[in-house]
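What follows is the content of work-v9.cif (mmCIF, C-alpha atoms).
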```
data_input
#
loop_
_atom_site.label_atom_id
_atom_site.label_comp_id
_atom_site.auth_asym_id
_atom_site.auth_seq_id
_atom_site.Cartn_x
_atom_site.Cartn_y
_atom_site.Cartn_z
CA MET L 1 -86.41 7.15 -6.57
CA ILE L 2 -86.16 3.56 -7.80
CA ASP L 3 -89.39 3.77 -9.80
CA GLY L 4 -88.19 6.83 -11.73
CA TYR L 5 -84.81 5.26 -12.47
CA LEU L 6 -86.34 1.98 -13.63
CA ALA L 7 -88.75 3.85 -15.88
CA GLN L 8 -85.79 5.54 -17.59
CA VAL L 9 -84.02 2.21 -18.04
CA LYS L 10 -87.17 0.67 -19.51
CA ARG L 11 -87.56 3.54 -21.99
CA ALA L 12 -83.94 3.19 -23.06
CA ILE L 13 -84.34 -0.54 -23.64
CA ASP L 14 -87.70 -0.29 -25.38
CA SER L 15 -86.30 2.32 -27.76
CA ARG L 16 -82.99 0.41 -28.09
CA ASP L 17 -81.15 3.58 -27.10
CA ALA L 18 -77.76 2.00 -26.45
CA TYR L 19 -75.98 5.13 -25.30
CA LEU L 20 -78.71 6.26 -22.90
CA LEU L 21 -78.73 2.80 -21.36
CA ALA L 22 -74.92 2.95 -21.00
CA GLU L 23 -75.24 6.28 -19.19
CA LEU L 24 -77.93 4.93 -16.89
CA CYS L 25 -75.87 1.82 -16.08
CA SER L 26 -72.47 3.48 -15.83
CA PRO L 27 -70.61 2.18 -12.74
CA HIS L 28 -68.16 5.05 -12.66
CA PRO L 29 -68.23 7.42 -9.68
CA SER L 30 -67.56 10.33 -12.05
CA SER L 31 -71.00 9.78 -13.63
CA HIS L 32 -73.64 12.28 -12.48
CA ILE L 33 -76.42 9.72 -12.98
CA PHE L 34 -74.56 7.11 -10.95
CA ASN L 35 -73.89 9.52 -8.10
CA THR L 36 -77.50 10.71 -8.05
CA LEU L 37 -78.69 7.10 -7.99
CA ARG L 38 -76.28 6.18 -5.21
CA VAL L 39 -77.32 9.11 -3.03
CA GLY L 40 -81.00 8.33 -3.58
CA LEU L 41 -80.63 4.63 -2.76
CA ARG L 42 -78.62 5.32 0.38
CA ALA L 43 -81.12 7.89 1.56
CA GLY L 44 -84.04 5.50 1.15
CA PRO L 45 -84.94 2.42 3.19
CA ALA L 46 -82.25 -0.30 3.42
CA LEU L 47 -83.93 -2.87 1.23
CA ARG L 48 -82.76 -6.46 1.07
CA PRO L 49 -81.28 -7.68 -2.24
CA SER L 50 -84.36 -9.83 -2.81
CA SER L 51 -86.53 -6.72 -2.67
CA TYR L 52 -84.60 -5.17 -5.56
CA VAL L 53 -85.01 -8.40 -7.51
CA ASP L 54 -88.78 -8.46 -6.89
CA THR L 55 -89.10 -4.84 -8.00
CA THR L 56 -87.05 -5.19 -11.19
CA ARG L 57 -88.78 -8.44 -12.15
CA THR L 58 -92.09 -6.64 -11.94
CA VAL L 59 -90.89 -3.88 -14.28
CA PHE L 60 -89.04 -6.18 -16.68
CA HIS L 61 -91.43 -9.10 -16.34
CA ASP L 62 -90.71 -10.37 -19.84
CA ASN L 63 -86.91 -10.45 -19.45
CA ARG L 64 -85.68 -12.04 -16.24
CA PRO L 65 -81.91 -11.82 -17.09
CA LEU L 66 -82.31 -8.09 -17.64
CA ALA L 67 -84.30 -7.68 -14.41
CA ASP L 68 -81.66 -9.53 -12.40
CA PHE L 69 -78.87 -7.46 -13.96
CA VAL L 70 -80.60 -4.18 -13.07
CA ALA L 71 -81.23 -5.44 -9.51
CA SER L 72 -77.54 -6.28 -9.05
CA PHE L 73 -76.57 -2.90 -10.48
CA LEU L 74 -78.81 -1.14 -7.94
CA LEU L 75 -77.15 -3.13 -5.17
CA PHE L 76 -73.70 -2.20 -6.48
CA ALA L 77 -74.62 1.48 -6.70
CA ARG L 78 -75.89 1.47 -3.13
CA ASP L 79 -73.27 -0.63 -1.33
CA ALA L 80 -69.99 -0.33 -3.23
CA ASP L 81 -67.40 1.96 -1.62
CA LEU L 82 -65.40 3.14 -4.61
CA GLU L 83 -63.33 5.78 -2.87
CA SER L 84 -61.96 3.88 0.12
CA GLU L 85 -58.29 2.96 0.30
CA ASP L 86 -59.17 -0.03 2.46
CA GLY L 87 -58.39 -3.32 0.71
CA ASP L 88 -61.34 -5.20 2.19
CA LEU L 89 -63.80 -2.53 1.07
CA ALA L 90 -62.26 -2.42 -2.40
CA THR L 91 -62.55 -6.20 -2.64
CA ALA L 92 -66.18 -6.04 -1.53
CA ALA L 93 -66.88 -3.41 -4.19
CA TYR L 94 -65.26 -5.63 -6.81
CA GLN L 95 -67.38 -8.58 -5.69
CA LEU L 96 -70.56 -6.54 -6.08
CA LEU L 97 -69.52 -5.49 -9.57
CA GLU L 98 -68.57 -9.07 -10.44
CA ASP L 99 -72.11 -10.16 -9.55
CA CYS L 100 -73.43 -7.34 -11.70
CA TYR L 101 -71.14 -8.35 -14.57
CA LYS L 102 -72.35 -11.93 -14.46
CA GLY L 103 -75.88 -10.60 -14.89
CA ALA L 104 -74.69 -8.46 -17.80
CA CYS L 105 -73.19 -11.55 -19.45
CA ASN L 106 -76.58 -13.26 -19.22
CA VAL L 107 -78.23 -10.29 -20.92
CA PHE L 108 -75.56 -10.20 -23.63
CA GLY L 109 -75.99 -13.92 -24.22
CA GLN L 110 -79.58 -13.45 -25.38
CA ALA L 111 -80.52 -13.07 -29.03
CA GLU L 112 -80.12 -9.68 -30.73
CA THR L 113 -78.60 -7.76 -27.83
CA GLY L 114 -76.13 -5.66 -29.80
CA TRP L 115 -77.76 -2.63 -28.17
CA PHE L 116 -76.13 -3.79 -24.90
CA VAL L 117 -72.55 -3.43 -26.20
CA ALA L 118 -72.05 0.15 -24.96
CA THR L 119 -73.19 -0.84 -21.46
CA LEU L 120 -70.93 -3.89 -21.50
CA ARG L 121 -67.99 -1.65 -22.38
CA GLN L 122 -68.64 0.52 -19.34
CA LEU L 123 -68.95 -2.46 -17.03
CA THR L 124 -65.88 -4.22 -18.44
CA ARG L 125 -63.67 -1.17 -18.03
CA ALA L 126 -64.83 -0.74 -14.42
CA LEU L 127 -64.44 -4.46 -13.66
CA VAL L 128 -60.79 -4.50 -14.72
CA THR L 129 -60.01 -1.25 -12.89
CA LEU L 130 -61.65 -2.42 -9.66
CA ALA L 131 -60.01 -5.85 -9.83
CA LEU L 132 -56.52 -4.38 -10.21
CA ARG L 133 -57.18 -1.80 -7.51
CA ALA L 134 -58.45 -4.41 -5.05
CA GLY L 135 -55.36 -6.54 -5.61
CA MET L 136 -53.04 -3.58 -5.12
CA LEU L 137 -54.75 -2.39 -1.92
CA MET L 138 -54.80 -5.93 -0.52
CA GLY L 139 -51.12 -6.39 -1.31
CA ASP L 140 -52.00 -9.42 -3.42
CA THR L 141 -48.97 -9.93 -5.68
CA ASN L 142 -50.87 -12.59 -7.63
CA LEU L 143 -53.70 -10.14 -8.37
CA THR L 144 -56.23 -12.92 -7.89
CA LYS L 145 -59.27 -10.76 -8.55
CA ALA L 146 -57.79 -9.51 -11.81
CA GLY L 147 -57.37 -13.11 -12.95
CA GLU L 148 -61.00 -13.79 -12.04
CA ALA L 149 -62.08 -10.71 -13.98
CA ALA L 150 -60.21 -11.85 -17.09
CA THR L 151 -61.84 -15.27 -16.89
CA LEU L 152 -65.24 -13.61 -16.57
CA ILE L 153 -64.65 -11.34 -19.57
CA ARG L 154 -63.85 -14.31 -21.75
CA ARG L 155 -67.51 -15.36 -21.70
CA PRO L 156 -68.88 -12.30 -23.56
CA LEU L 157 -65.70 -12.34 -25.67
CA THR L 158 -66.61 -15.81 -26.90
CA ILE L 159 -70.20 -14.69 -27.55
CA ALA L 160 -68.99 -11.71 -29.60
CA ALA L 161 -66.44 -13.80 -31.52
CA ASN L 162 -69.09 -16.37 -32.48
CA ASP L 163 -71.75 -13.83 -33.42
CA ARG L 164 -72.99 -14.44 -36.96
CA SER L 165 -76.26 -12.54 -36.72
CA THR L 166 -77.24 -9.86 -39.19
CA SER L 167 -78.89 -7.69 -36.55
CA SER L 168 -77.82 -4.09 -36.14
CA PRO L 169 -75.85 -3.27 -34.11
CA PRO L 170 -74.11 -6.66 -33.95
CA LYS L 171 -72.60 -8.17 -30.81
CA ARG L 172 -69.32 -8.37 -32.74
CA ASP L 173 -68.85 -4.67 -32.03
CA ALA L 174 -67.68 -5.62 -28.53
CA LEU L 175 -65.08 -8.13 -29.70
CA PHE L 176 -61.85 -6.15 -29.79
CA PHE L 177 -62.65 -4.04 -26.76
CA LEU L 178 -63.20 -7.21 -24.72
CA ALA L 179 -60.03 -8.74 -26.16
CA ASN L 180 -58.03 -5.64 -25.24
CA SER L 181 -59.43 -5.72 -21.70
CA THR L 182 -58.25 -9.29 -21.22
CA PHE L 183 -54.88 -8.43 -22.76
CA LYS L 184 -54.49 -5.64 -20.21
CA VAL L 185 -55.07 -8.06 -17.34
CA TYR L 186 -52.92 -10.87 -18.69
CA PHE L 187 -50.00 -8.55 -19.45
CA THR L 188 -50.25 -7.19 -15.91
CA LEU L 189 -50.27 -10.77 -14.62
CA LYS L 190 -47.43 -11.67 -17.04
CA ASN L 191 -49.57 -14.57 -18.23
CA LEU L 192 -48.73 -14.34 -21.92
CA ARG L 193 -49.79 -17.92 -22.59
CA MET L 194 -53.40 -16.82 -22.15
CA CYS L 195 -52.80 -13.91 -24.54
CA ASP L 196 -52.18 -16.47 -27.28
CA THR L 197 -55.62 -17.91 -26.59
CA ILE L 198 -57.21 -14.48 -26.99
CA LEU L 199 -55.33 -13.88 -30.25
CA ASN L 200 -56.65 -17.16 -31.60
CA SER L 201 -60.20 -16.20 -30.60
CA THR L 202 -60.01 -12.96 -32.57
CA GLN L 203 -57.94 -14.14 -35.52
CA THR L 204 -60.82 -14.61 -37.95
CA ALA L 205 -62.16 -11.12 -37.22
CA THR L 206 -58.91 -9.25 -37.90
CA ALA L 207 -59.78 -9.02 -41.60
CA THR L 208 -62.49 -6.51 -40.65
CA LEU L 209 -60.47 -4.75 -37.93
CA GLN L 210 -60.56 -1.45 -39.87
CA LEU L 211 -64.35 -1.33 -39.32
CA TYR L 212 -64.00 -1.11 -35.54
CA PRO L 213 -63.52 2.07 -33.47
CA LYS L 214 -60.06 3.57 -33.77
CA ALA L 215 -59.37 3.18 -30.03
CA ASP L 216 -60.02 -0.57 -30.26
CA ARG L 217 -57.75 -0.89 -33.29
CA VAL L 218 -54.91 1.02 -31.64
CA ALA L 219 -55.06 -1.08 -28.46
CA TYR L 220 -55.37 -4.37 -30.33
CA SER L 221 -52.39 -3.63 -32.60
CA TYR L 222 -50.38 -2.52 -29.56
CA TYR L 223 -51.05 -5.73 -27.64
CA ARG L 224 -50.50 -7.91 -30.70
CA GLY L 225 -47.20 -6.11 -31.21
CA ARG L 226 -46.27 -6.82 -27.58
CA MET L 227 -46.98 -10.52 -28.14
CA TYR L 228 -44.82 -10.63 -31.27
CA LEU L 229 -42.06 -8.79 -29.42
CA TYR L 230 -42.18 -11.33 -26.61
CA GLN L 231 -41.92 -14.10 -29.24
CA ARG L 232 -38.94 -12.29 -30.83
CA ARG L 233 -40.87 -11.89 -34.10
CA LEU L 234 -39.49 -8.40 -34.60
CA PRO L 235 -40.70 -7.56 -38.13
CA GLN L 236 -44.28 -8.52 -37.20
CA ALA L 237 -44.01 -6.58 -33.95
CA ARG L 238 -42.71 -3.51 -35.74
CA GLN L 239 -45.54 -3.68 -38.25
CA GLU L 240 -48.15 -3.75 -35.48
CA PHE L 241 -46.54 -0.91 -33.54
CA LEU L 242 -46.29 1.21 -36.69
CA LEU L 243 -50.00 0.73 -37.27
CA ALA L 244 -50.88 1.51 -33.65
CA PHE L 245 -48.65 4.61 -33.64
CA SER L 246 -50.09 5.93 -36.91
CA LEU L 247 -53.66 5.52 -35.61
CA CYS L 248 -53.02 6.86 -32.12
CA ASP L 249 -54.81 10.14 -31.48
CA SER L 250 -52.54 13.16 -31.04
CA ASN L 251 -54.64 14.08 -28.01
CA SER L 252 -53.33 10.95 -26.28
CA PRO L 253 -49.59 11.70 -26.09
CA GLN L 254 -49.01 9.23 -23.24
CA ASN L 255 -50.40 6.37 -25.31
CA GLY L 256 -48.38 7.51 -28.30
CA ARG L 257 -45.20 7.61 -26.20
CA LEU L 258 -45.78 4.09 -24.86
CA ILE L 259 -46.37 2.69 -28.34
CA LEU L 260 -43.29 4.53 -29.65
CA ILE L 261 -41.08 3.00 -26.95
CA TYR L 262 -41.94 -0.50 -28.11
CA LEU L 263 -41.74 0.55 -31.76
CA ILE L 264 -38.16 1.72 -31.18
CA VAL L 265 -37.30 -1.51 -29.35
CA ALA L 266 -38.64 -3.59 -32.25
CA SER L 267 -36.92 -1.35 -34.83
CA LEU L 268 -33.36 -1.01 -33.50
CA PRO L 269 -32.37 -4.66 -34.11
CA LEU L 270 -33.76 -4.33 -37.64
CA GLY L 271 -31.60 -1.32 -38.44
CA PHE L 272 -34.30 1.36 -38.16
CA PHE L 273 -33.18 4.22 -35.92
CA PRO L 274 -35.43 6.97 -34.50
CA SER L 275 -34.78 10.58 -35.45
CA GLU L 276 -33.74 13.08 -32.80
CA THR L 277 -36.86 15.11 -33.61
CA LEU L 278 -39.09 12.15 -32.77
CA LEU L 279 -37.19 11.39 -29.58
CA ASP L 280 -37.42 15.02 -28.49
CA GLU L 281 -41.14 15.24 -29.23
CA PHE L 282 -41.93 12.27 -27.00
CA HIS L 283 -39.27 12.97 -24.34
CA LEU L 284 -37.25 9.85 -25.08
CA GLN L 285 -33.95 11.51 -25.91
CA GLU L 286 -32.38 10.49 -22.59
CA GLN L 287 -33.34 6.83 -22.91
CA PHE L 288 -32.44 6.30 -26.57
CA GLY L 289 -30.55 9.37 -27.84
CA ASP L 290 -27.13 8.22 -26.64
CA LEU L 291 -27.80 4.58 -27.52
CA VAL L 292 -28.01 5.04 -31.28
CA PRO L 293 -24.51 6.48 -32.05
CA PRO L 294 -22.50 3.61 -30.50
CA LEU L 295 -24.89 1.13 -32.11
CA HIS L 296 -24.11 2.65 -35.51
CA LEU L 297 -20.39 2.29 -34.81
CA GLY L 298 -20.55 -1.25 -33.46
CA ASP L 299 -19.30 0.01 -30.09
CA PHE L 300 -20.79 -2.58 -27.77
CA MET L 301 -19.24 -1.07 -24.63
CA GLY L 302 -21.03 2.19 -25.41
CA VAL L 303 -24.30 0.38 -26.10
CA LYS L 304 -23.93 -1.69 -22.93
CA ALA L 305 -23.23 1.41 -20.83
CA GLU L 306 -26.37 3.14 -22.10
CA LEU L 307 -28.54 0.06 -21.56
CA GLU L 308 -27.25 -0.35 -18.02
CA ARG L 309 -27.74 3.34 -17.28
CA TRP L 310 -31.45 2.86 -18.00
CA GLN L 311 -31.62 -0.79 -16.97
CA GLY L 312 -34.38 -0.31 -14.38
CA TRP L 313 -36.54 1.59 -16.87
CA HIS L 314 -36.03 -1.00 -19.62
CA GLN L 315 -36.69 -3.87 -17.20
CA GLN L 316 -39.91 -2.32 -15.99
CA LEU L 317 -41.13 -2.26 -19.59
CA GLY L 318 -39.86 -5.79 -20.22
CA ASN L 319 -37.33 -4.74 -22.87
CA PHE L 320 -33.89 -5.01 -21.28
CA LEU L 321 -33.04 -8.63 -22.08
CA LEU L 322 -34.29 -8.34 -25.64
CA LEU L 323 -32.22 -5.22 -26.29
CA ARG L 324 -29.16 -6.71 -24.60
CA GLU L 325 -29.41 -9.83 -26.74
CA LYS L 326 -30.32 -8.34 -30.11
CA LEU L 327 -28.17 -5.22 -30.03
CA GLU L 328 -25.04 -7.26 -29.33
CA LEU L 329 -25.64 -8.99 -32.66
CA VAL L 330 -26.17 -5.64 -34.40
CA CYS L 331 -22.92 -4.36 -32.88
CA TRP L 332 -20.99 -7.31 -34.27
CA ARG L 333 -22.45 -6.76 -37.72
CA ASN L 334 -21.73 -3.02 -37.69
CA LEU L 335 -18.25 -3.54 -36.20
CA ILE L 336 -17.31 -5.95 -38.99
CA ARG L 337 -18.48 -3.47 -41.61
CA ARG L 338 -16.70 -0.56 -39.94
CA THR L 339 -13.46 -2.54 -39.60
CA LEU L 340 -13.63 -3.55 -43.27
CA PHE L 341 -13.97 0.07 -44.36
CA VAL L 342 -11.20 1.27 -42.02
CA VAL L 343 -8.59 -1.28 -43.13
CA SER L 344 -9.46 -0.63 -46.78
CA ASP L 345 -9.35 3.17 -46.40
CA GLY L 346 -13.03 3.37 -47.27
CA HIS L 347 -12.67 1.40 -50.53
CA PRO L 348 -13.30 -2.29 -49.78
CA LEU L 349 -13.97 -3.13 -53.44
CA PRO L 350 -10.82 -3.53 -55.56
CA ALA L 351 -10.54 -0.92 -58.29
CA ASP L 352 -10.65 -3.49 -61.07
CA GLY L 353 -13.48 -5.42 -59.40
CA SER L 354 -11.68 -8.68 -60.13
CA SER L 355 -11.68 -10.01 -56.57
CA PRO L 356 -14.13 -9.85 -53.67
CA PRO L 357 -13.60 -7.73 -50.54
CA THR L 358 -11.79 -9.54 -47.72
CA LEU L 359 -11.12 -8.89 -44.04
CA SER L 360 -8.51 -10.55 -41.87
CA LEU L 361 -9.99 -12.17 -38.78
CA HIS L 362 -6.91 -11.05 -36.87
CA ALA L 363 -7.66 -7.42 -37.77
CA LEU L 364 -11.25 -7.92 -36.69
CA LEU L 365 -10.05 -9.46 -33.42
CA LYS L 366 -8.20 -6.26 -32.52
CA THR L 367 -11.27 -4.05 -32.99
CA ALA L 368 -13.56 -6.60 -31.29
CA ARG L 369 -11.42 -6.62 -28.14
CA VAL L 370 -11.80 -2.84 -27.95
CA SER L 371 -15.49 -2.73 -28.85
CA PHE L 372 -16.48 -5.47 -26.39
CA GLY L 373 -13.94 -4.57 -23.72
CA ASP L 374 -12.76 -8.18 -23.57
CA PRO L 375 -9.02 -8.86 -24.00
CA THR L 376 -9.63 -12.61 -23.64
CA LEU L 377 -11.34 -12.83 -27.04
CA ASP L 378 -9.39 -14.93 -29.51
CA VAL L 379 -9.59 -15.48 -33.24
CA ASP L 380 -11.75 -18.58 -32.80
CA ASP L 381 -14.35 -16.49 -30.96
CA VAL L 382 -14.38 -13.99 -33.79
CA GLU L 383 -14.64 -16.74 -36.38
CA SER L 384 -17.58 -18.32 -34.54
CA MET L 385 -19.44 -15.02 -34.45
CA CYS L 386 -18.82 -14.45 -38.16
CA ILE L 387 -20.19 -17.91 -38.94
CA SER L 388 -23.28 -17.12 -36.85
CA LEU L 389 -23.85 -13.83 -38.68
CA VAL L 390 -23.44 -15.53 -42.06
CA ASP L 391 -25.88 -18.28 -41.07
CA GLN L 392 -28.47 -15.72 -39.98
CA GLY L 393 -28.07 -13.68 -43.16
CA TYR L 394 -26.65 -10.53 -41.56
CA ILE L 395 -23.61 -10.69 -43.83
CA LYS L 396 -23.10 -12.36 -47.21
CA ALA L 397 -19.68 -13.96 -46.93
CA TYR L 398 -17.70 -17.10 -46.29
CA ILE L 399 -14.58 -17.87 -44.28
CA LEU L 400 -11.34 -18.88 -45.96
CA HIS L 401 -9.97 -20.96 -43.10
CA SER L 402 -6.48 -21.47 -44.51
CA LYS L 403 -5.83 -17.71 -44.41
CA ARG L 404 -8.25 -16.73 -41.62
CA LEU L 405 -10.02 -14.38 -44.00
CA LEU L 406 -13.65 -13.31 -44.19
CA VAL L 407 -14.50 -13.13 -47.90
CA PHE L 408 -17.48 -10.93 -48.77
CA MET L 409 -19.86 -11.04 -51.70
CA LYS L 410 -19.08 -8.72 -54.56
CA GLY L 411 -21.45 -5.87 -55.22
CA PRO L 412 -22.38 -2.39 -54.01
CA GLN L 413 -23.54 -3.70 -50.61
CA VAL L 414 -20.14 -5.32 -50.04
CA GLY L 415 -21.83 -8.30 -48.43
CA PHE L 416 -23.88 -6.27 -45.96
CA PRO L 417 -27.57 -6.39 -46.88
CA PRO L 418 -29.84 -3.95 -45.03
CA MET L 419 -30.65 -5.47 -41.64
CA ALA L 420 -34.37 -5.02 -42.23
CA SER L 421 -34.17 -7.24 -45.29
CA VAL L 422 -32.74 -10.11 -43.25
CA HIS L 423 -36.05 -10.58 -41.45
CA ALA L 424 -38.31 -9.06 -44.09
CA LEU L 425 -41.92 -10.20 -44.04
CA PRO L 426 -43.01 -12.28 -47.04
#
```
Encoded form (structure tokens):
Amino acid sequence: MIDGYLAQVKRAIDSRDAYLLAELCSPHPSSHIFNTLRVGLRAGPALRPSSYVDTTRTVFHDNRPLADFVASFLLFARDADLESEDGDLATAAYQLLEDCYKGACNVFGQAETGWFVATLRQLTRALVTLALRAGMLMGDTNLTKAGEAATLIRRPLTIAANDRSTSSPPKRDALFFLANSTFKVYFTLKNLRMCDTILNSTQTATATLQLYPKADRVAYSYYRGRMYLYQRRLPQARQEFLLAFSLCDSNSPQNGRLILIYLIVASLPLGFFPSETLLDEFHLQEQFGDLVPPLHLGDFMGVKAELERWQGWHQQLGNFLLLREKLELVCWRNLIRRTLFVVSDGHPLPADGSSPPTLSLHALLKTARVSFGDPTLDVDDVESMCISLVDQGYIKAYILHSKRLLVFMKGPQVGFPPMASVHALP
């Protein structure tokens, strides 16, 4: 059994058949080759690990790192229990794969091993999955094994990022997949500081991102968008989510829905609102459909009610505090505009155009008390908020303190530039 399997592996390596090697070294229980190998190894004599090493070093006598990797893979295939719900067994399976992955890193670290990228992808995906599963089954809230897996993945990530060889295929092909795998772990661990490190490692390669597989590009733009969103860099986040959403395969509706959720979150504070058709298509009408109308009107009580109705859902996705903070600002901006148009009967600009539009802060106070459901608001509160909005560029105006008037810029926008232009990218 072992001899036949090793002969296939040797042929794949000698011919540099990357995809055949990836099939032969797939650690997934859904793989027919893996299951056949596992059954054969378990049916044979219970060899010691050193016996596997001796055998593989005989076959791959000119490449000891490769021989040791194959030996550890045989041991993983034989001894790992991948179906058990027992935490100890899941942890043991992860440990076996970790040993195998360390061997894979040694192979990848050799010169001209771009043919190993497909195998490394398989192993990386399984390593992350097993690490998270082991932590969950053990009840480990710190997900220690997942953190160890991310640290381990950073070694081949560094190798791929520093690859300057002209060999084909290049090791660089693994770069964004490895980066995305570490992002997945660090986001699960809520360790976003480490995500910054990964972004820095891949920064120089982003110029050629369009040359990488579409799946890698979608995931990388998604995670980069998540980082920008966390940093409150909304225009940059929206740009990344738009790219990820446009590239996402229509056969992956769950991925598309997840990306769209964050795209909407990044877009609402910038004044971009999703269409009902889009919300219906991705089954997000309940979560966002009733949020948009009060936001348009500057009705903060309506916005607040909708956010709180779905508070658990938004919190689980990490969006509640951002929406609560940013949409309050949008409500103030829209409320001021709405109040201006109401008190001027829809014609804030004087007919002769000789004077700028104005709004009494006392009139705004009345609508603000209703919109925010707070009768304790006073004119000083309203004035402070107007100053804040002017400073941030949401409205083009100044305050005439002697008359408690908000004086807007003349022009067709009446002092209200599009919200997207306030934070427009250079």
Discussion item. When you count only C-alpha atoms, which of these residues is closest to Pro348 in chain L: L:Arg16, L:Arg193, L:Lys410, L:Lys326?
Written reply: L:Lys410
Worksheet entry | Distance query Leu132 in chain L at most 8 Å, only C-alpha atoms, self and fewer than 4 positions along chain excluded, as an MDAnalysis selection string | chainID L and resid 128 136 143 145:146
Discussion item. As number ranges by chain, please: the residues near Gly87 in chain L (cut-off 10 Å, all atoms listed in the file, same-chain neighbours under 5 positions excluded).
Written reply: L: 92-93, 133-140
Item to complete: Compile the contact shell of range 307-314 of chain L as a ChimeraX atom specification: residues with an atom at most 9 Å away, counting all atoms listed in the file, same-chain residues fewer than 2 positions apart removed.
Response: /L:286-288,291,302-305,316-321,323-324
Practice prompt. Check the smallest atom-to-atom distance from each of L:Asp54, L:Asp216, L:Asp62, L:Asp68 to Asp14 in chain L using only C-alpha atoms, then report the winner.
Written response: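 Closest candidate: L:Asp62.
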Any idea what's packed within 10 Å of Thr166 in chain L, counting only C-alpha atoms, ignoring anything in its chain fewer than 4 positions away? Could you give it as a short mmCIF file (atom, residue, chain, number, x, y, z; two decimals) with C-alpha atoms, keeping the file's coordinate frame?
```cif
data_model
loop_
_atom_site.label_atom_id
_atom_site.label_comp_id
_atom_site.auth_asym_id
_atom_site.auth_seq_id
_atom_site.Cartn_x
_atom_site.Cartn_y
_atom_site.Cartn_z
CA GLU L 112 -80.12 -9.68 -30.73
CA PRO L 170 -74.11 -6.66 -33.95
CA LYS L 171 -72.60 -8.17 -30.81
#
```
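Across the structure, CA of Gln392 in chain L and CA of Leu268 in chain L are spaced 16.8 Å apart.
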Fill in: Residue members of the PyMOL selection byres ((chain L and resi 269) around 10) in the file shown, as a PyMOL selection string
chain L and resi 234-235+264-268+270-273+295+322-323+325-331+419-420
